[in-house]
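Everything below concerns the one structure shown next.
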Amino acid sequence: MSKTNDLLIEIGTEELPPATLSKLSNAFYSGVKSSLENADLSFSNIKKFAAPRRLALLVSDLEVKQKDKAVERRGPAIAAAFDEDGCPSKAAEGFARSCGVKVEDLEKLETDKGAWLNFKSTKKGQKTFELIPEIVQTALDKLPIAKRMRWADLDAQFVRPVQWLILLFGDNVINAEILSVKSGRETRGHRFHHPESITIPSPSEYEMLLETHGKVIADFERRKEAVRGQVDEIALSKNGKAIIDEDLLDEVSAMVEWPVAVMGNFEKRFLDVPQEALILTMKTNQKYFYVVDKKGALLPHFITVSNIESKDVSKVQEGNERVIRPRFADAEFFWSQDRKSKLIDRSEQLGTVVFQKKLGTLLDKTKRVQKLSAAIADQLAGNTQLALRAAELCKCDLMTEMVGEFASLQGVMGRYYAEHDGENAEVAQALEDYYKPKFSGDSLPQSITSQSLAIADRLDTLLGIFAIGQIPTGDKDPFALRRAALGVLRILIENNLDLDLQHLIKIAAKQHDSSIKATEAEVTVFEFMLDRLHAYYLDKGIRPDVLDAVLSTKPTKPLDINNRLLAVDSFRQLSEAESLAAANKRIGNILKKVEGKLPDKISETLLQEPAEQSLNKTLTELDDKVQTMIDEAKYQDALTELSSLRKDVDQFFDDVMVMTDDNKLKNNRIALLNKLHSLFLQIADISKLQ
């Protein structure tokens, strides 16, 4: 059994960016792990540590030396290695030199395919401590750092200045210099609680000594759970519940080495301000967790996580309360000022803000969206007047002081101000809901007014931006057109809206000024939107070939596409599916070879073979029944019925020659296959199933 030791690697730095700490830690772990594996060095485990001032790894039971390796190289064939007199050729001598030996020291390798010169040797494994510095340097060089910085007059570059370095293998320091810092066994504790150095005798003592002596919880996940526990506990002490956003929890945990949760309070009068504004300030600006009561209403408390165990917690509390108060006062002022004017009174101001130079102002966009939104609401049997009003108001909150300060509150504040102005409840809610879905998995607008506005606003943007030639390329999508397209598709599919997307795009194009030629972009926009379905359905476990089978029949309603997809995906799992898919592919190839119009009339008197008679009989029996199911969009039922054709189809191709010399018989059989193929094609081209 090979000898092993534990390895500790720690990169000590100035405070690392909280938003990227976990990403850096994971990348460092992956880099070192893969390098050790590539070097054929075995180990039992690698543990990650990540804190504001350190990235560290503890590799347990790492082999102290690589295993020796047998090396074998095949040289030139014997026939080419020696001349007629048995003297070595230049090829043989060159091969021997490359191996560091003489020709006579080479072996002869004989196989059933011939004989060659052969060289065998043993490559001695390197000691692990000799390999570690390069492994660490390589992993650090590959870290995902957007912009590296220099410090002092050194050549080293890293995300933040490096202050110390530990490379400890067993009880011994691996001597090296990385990022202009020489390695040692000394780490540093908490910047305030224990700024002095801490000597690490052995790797296994690292985590414990940092915590007990240095007041640093180095394990990111442990520290994160400590924060969660403290925040929950302190909220309960006020009979409340802390709302813990996981992204915020990660960020806060990346900012502290020794977390101490502290409750703060603010004046109850601020609760009159829309709670979204207060919550946004607490989370985004101050990194606070907010507290709600049993009904979910905001309480006048917040929880901050300090990086110090203060002797006087009240001072920490007072300091945070002093910081949050003016921010809340600003929000209170904006809320008060904005309500002095109605939303509708701000509509003319939209004419002063350019949406896009070639597409006009926000007021121009609003007018286009109004017409399209009303048309969509009409198709959904909704209230067109409500749709018109919602579209007229939808951008007005962008002109308010509150949204000017807190841009992410657009829509939310629109709803609040509309409610204050006495607008219809459905209109007010639409001003917030039409922004949905904002992200993958987000909820969708529910009322017809909200849905109409959400679809209209996105389609207007898609048509306009495509028409002026700013189509997304690669990772560049400044107008978030991919997200807009997927948002429309989700609304149509998941809300069961039976709307024709191609028709909606045509209506949207008509709202644009003729100078930008939006009608010429209709096909491109439609195809762009349908392309988004590939990723959408892949996430739902539906294979690409199923989607291709459906889209090849060129349906234009996303809800209809969805229904066909589910039916074909279910059909694909039937035992008959593979045979019928192959048969349809064969039929498709036969029909492609037919010149001119495809025969479509079947003469029963020309059906000579029992197999074609049987297929025609079954098709005739199924035809009306299946056609009714297709007309009613009962695609799964239709495909289940069609699956019963398998036996007749297989027998037909076994017994019947389609491309016979008798033209009447040939055309009759082609007409029979055309009828069969056409029934399937009304749902999907199942020949594309793999």
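By convention here, the chains of the structure tokens are called A, B, ... in the order presented, each chain's residues are numbered starting at 1, and ligands are numbered starting at 1 in the order presented.
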
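The shell of residues at most 12 Å from Gln608 (chain A), with only C-alpha atoms counted and near chain neighbours (fewer than 6 positions) removed, consists of A:Ser614, A:Leu615, A:Asn616, A:Phe652, A:Asp655, A:Val656, A:Met657, A:Val658, A:Lys664, A:Leu665, A:Lys666, A:Asn668, A:Arg669.
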
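Within the 8 Å cut-off around region 153-161 of chain A, using only C-alpha atoms and omitting residues fewer than 2 positions from it on the same chain, the listed residues are Thr13, Glu14, Glu15, Leu16, Ile145, Lys147, Arg148, Met149, Arg150, Trp151, Gln163, Leu179 and Ser180 of chain A.
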
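Each of A:Gln66, A:Asn383, A:Gln410, A:Ser452 was checked against Glu432 (chain A) using only C-alpha atoms; the smallest atom-to-atom distance is that of A:Gln410.
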
* **DSSP-assigned helix (DSSP H, G or I) members of region 429-545 of chain A, reported as a ChimeraX atom specification** => /A:429-433,448-467,481-494,501-510,514-516,518-538,544-545

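Among the candidates A:Lys592, A:Arg586, A:His534, A:Arg458, the residue lying nearest to Phe653 (chain A) is A:Arg586 (atoms considered: only C-alpha atoms).
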
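Remark: for Glu522 (chain A), the closest of the candidate residues A:Leu492, A:Ala261, A:Ala391, A:Phe466 is A:Phe466 (distances computed over only C-alpha atoms).
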
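The smallest atom-to-atom distance between Ile491 (chain A) and any of A:Ser443, A:Gln379, A:His503, A:Ile471, using only C-alpha atoms, is found for A:Ser443.
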
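In this structure, CA of Val323 (chain A) sits 13.3 Å away from CA of Leu278 (chain A).
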
Asn562 (chain A) surroundings by only C-alpha atoms, 12 Å radius, close-in-sequence under 5 positions cut, as a PDB file with C-alpha atoms, in the first residue's frame:
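Ended up saving to around.pdb:
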```pdb
ATOM      1  CA  LEU A 489     -44.605  31.056 -26.052  1.00  0.00           C
ATOM      2  CA  ARG A 490     -44.973  30.231 -22.367  1.00  0.00           C
ATOM      3  CA  LEU A 492     -49.696  30.958 -25.040  1.00  0.00           C
ATOM      4  CA  ILE A 493     -48.905  27.347 -24.151  1.00  0.00           C
ATOM      5  CA  GLU A 494     -49.149  27.284 -20.370  1.00  0.00           C
ATOM      6  CA  ASN A 495     -52.248  29.494 -20.252  1.00  0.00           C
ATOM      7  CA  ASN A 496     -53.958  27.389 -22.938  1.00  0.00           C
ATOM      8  CA  LEU A 497     -54.461  30.320 -25.311  1.00  0.00           C
ATOM      9  CA  ASP A 498     -55.511  29.029 -28.730  1.00  0.00           C
ATOM     10  CA  LEU A 530     -40.268  28.598 -32.812  1.00  0.00           C
ATOM     11  CA  LEU A 533     -39.136  25.732 -28.377  1.00  0.00           C
ATOM     12  CA  HIS A 534     -36.163  23.369 -28.690  1.00  0.00           C
ATOM     13  CA  TYR A 536     -38.117  24.796 -23.774  1.00  0.00           C
ATOM     14  CA  TYR A 537     -39.154  21.221 -24.522  1.00  0.00           C
ATOM     15  CA  LYS A 540     -39.347  19.081 -20.159  1.00  0.00           C
ATOM     16  CA  ILE A 542     -39.124  15.835 -24.876  1.00  0.00           C
ATOM     17  CA  VAL A 546     -40.329  14.689 -31.580  1.00  0.00           C
ATOM     18  CA  LEU A 547     -40.388  18.489 -31.954  1.00  0.00           C
ATOM     19  CA  VAL A 550     -44.341  18.212 -35.331  1.00  0.00           C
ATOM     20  CA  LEU A 551     -42.761  21.430 -36.679  1.00  0.00           C
ATOM     21  CA  PRO A 555     -48.381  24.382 -37.415  1.00  0.00           C
ATOM     22  CA  THR A 556     -48.713  28.034 -36.390  1.00  0.00           C
ATOM     23  CA  LYS A 557     -50.436  27.821 -33.008  1.00  0.00           C
ATOM     24  CA  ALA A 567     -49.407  13.078 -28.504  1.00  0.00           C
ATOM     25  CA  VAL A 568     -46.348  12.170 -30.592  1.00  0.00           C
ATOM     26  CA  ASP A 569     -44.189  11.727 -27.489  1.00  0.00           C
ATOM     27  CA  ALA A 633     -57.362  18.216 -31.724  1.00  0.00           C
ATOM     28  CA  TYR A 635     -54.173  13.911 -31.471  1.00  0.00           C
ATOM     29  CA  GLN A 636     -53.224  11.253 -28.957  1.00  0.00           C
ATOM     30  CA  ILE A 683     -50.514  15.518 -36.864  1.00  0.00           C
ATOM     31  CA  ALA A 684     -46.765  15.110 -37.453  1.00  0.00           C
TER      32      ALA A 684
END
```

* **Those in region 115-309 of chain A with strand (DSSP E) from DSSP, as a PyMOL selection string** => chain A and resi 115-123+162-169+172-173+177-178+181-182+186-188+197-199+241-243+260-265+289-292+298-306

* With a distance cut-off of 9 Å and only C-alpha atoms, select the neighbouring residues of Ile465 (chain A), excluding the residue or stretch itself and same-chain residues fewer than 4 positions from it, and output the selection as number ranges by chain. => A: 356, 359, 460-461, 469-471, 479, 481

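The residue set within 8 Å of Ala115 (chain A), counting only C-alpha atoms and dropping same-chain residues fewer than 6 places from it, reads Ala77, Ile78, Lys108 and Leu109 of chain A.
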
Can you write out the residues you just picked, keeping N, CA and C atoms, as a PDB file, in the first residue's frame?
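So again-v5.pdb came out as:
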```
ATOM      1  N   ALA A  77       9.710  -0.871 -38.764  1.00  0.00           N
ATOM      2  CA  ALA A  77       9.641  -2.306 -39.049  1.00  0.00           C
ATOM      3  C   ALA A  77      11.049  -2.848 -39.260  1.00  0.00           C
ATOM      4  N   ILE A  78      11.255  -4.132 -38.934  1.00  0.00           N
ATOM      5  CA  ILE A  78      12.575  -4.754 -39.054  1.00  0.00           C
ATOM      6  C   ILE A  78      13.091  -4.641 -40.480  1.00  0.00           C
ATOM      7  N   LYS A 108      13.220  -6.733 -30.209  1.00  0.00           N
ATOM      8  CA  LYS A 108      12.470  -7.056 -31.416  1.00  0.00           C
ATOM      9  C   LYS A 108      11.063  -7.482 -31.009  1.00  0.00           C
ATOM     10  N   LEU A 109      10.060  -6.817 -31.591  1.00  0.00           N
ATOM     11  CA  LEU A 109       8.668  -7.137 -31.284  1.00  0.00           C
ATOM     12  C   LEU A 109       8.045  -7.837 -32.483  1.00  0.00           C
TER      13      LEU A 109
END
```

What's around Glu177 (chain A) at 12 Å? Count only C-alpha atoms, leave out sequence neighbours fewer than 6 positions away in its own chain, and write the answer as a CSV table (one decimal) with C-alpha atoms, in the first residue's frame.
```csv
chain,number,residue,atom,x,y,z
A,11,ILE,CA,-4.4,31.3,-0.8
A,132,ILE,CA,2.1,20.5,-6.3
A,133,PRO,CA,3.3,24.1,-7.0
A,134,GLU,CA,2.7,23.7,-10.8
A,136,VAL,CA,-1.7,25.0,-7.9
A,137,GLN,CA,-0.4,27.6,-10.3
A,156,ALA,CA,1.7,38.8,-10.1
A,162,VAL,CA,-2.4,37.9,-2.2
A,164,TRP,CA,0.0,34.7,2.3
A,165,LEU,CA,0.3,31.2,1.0
A,166,ILE,CA,0.2,27.8,2.7
A,167,LEU,CA,1.4,24.6,1.0
A,183,SER,CA,4.8,29.4,0.9
A,184,GLY,CA,4.7,28.7,4.6
```
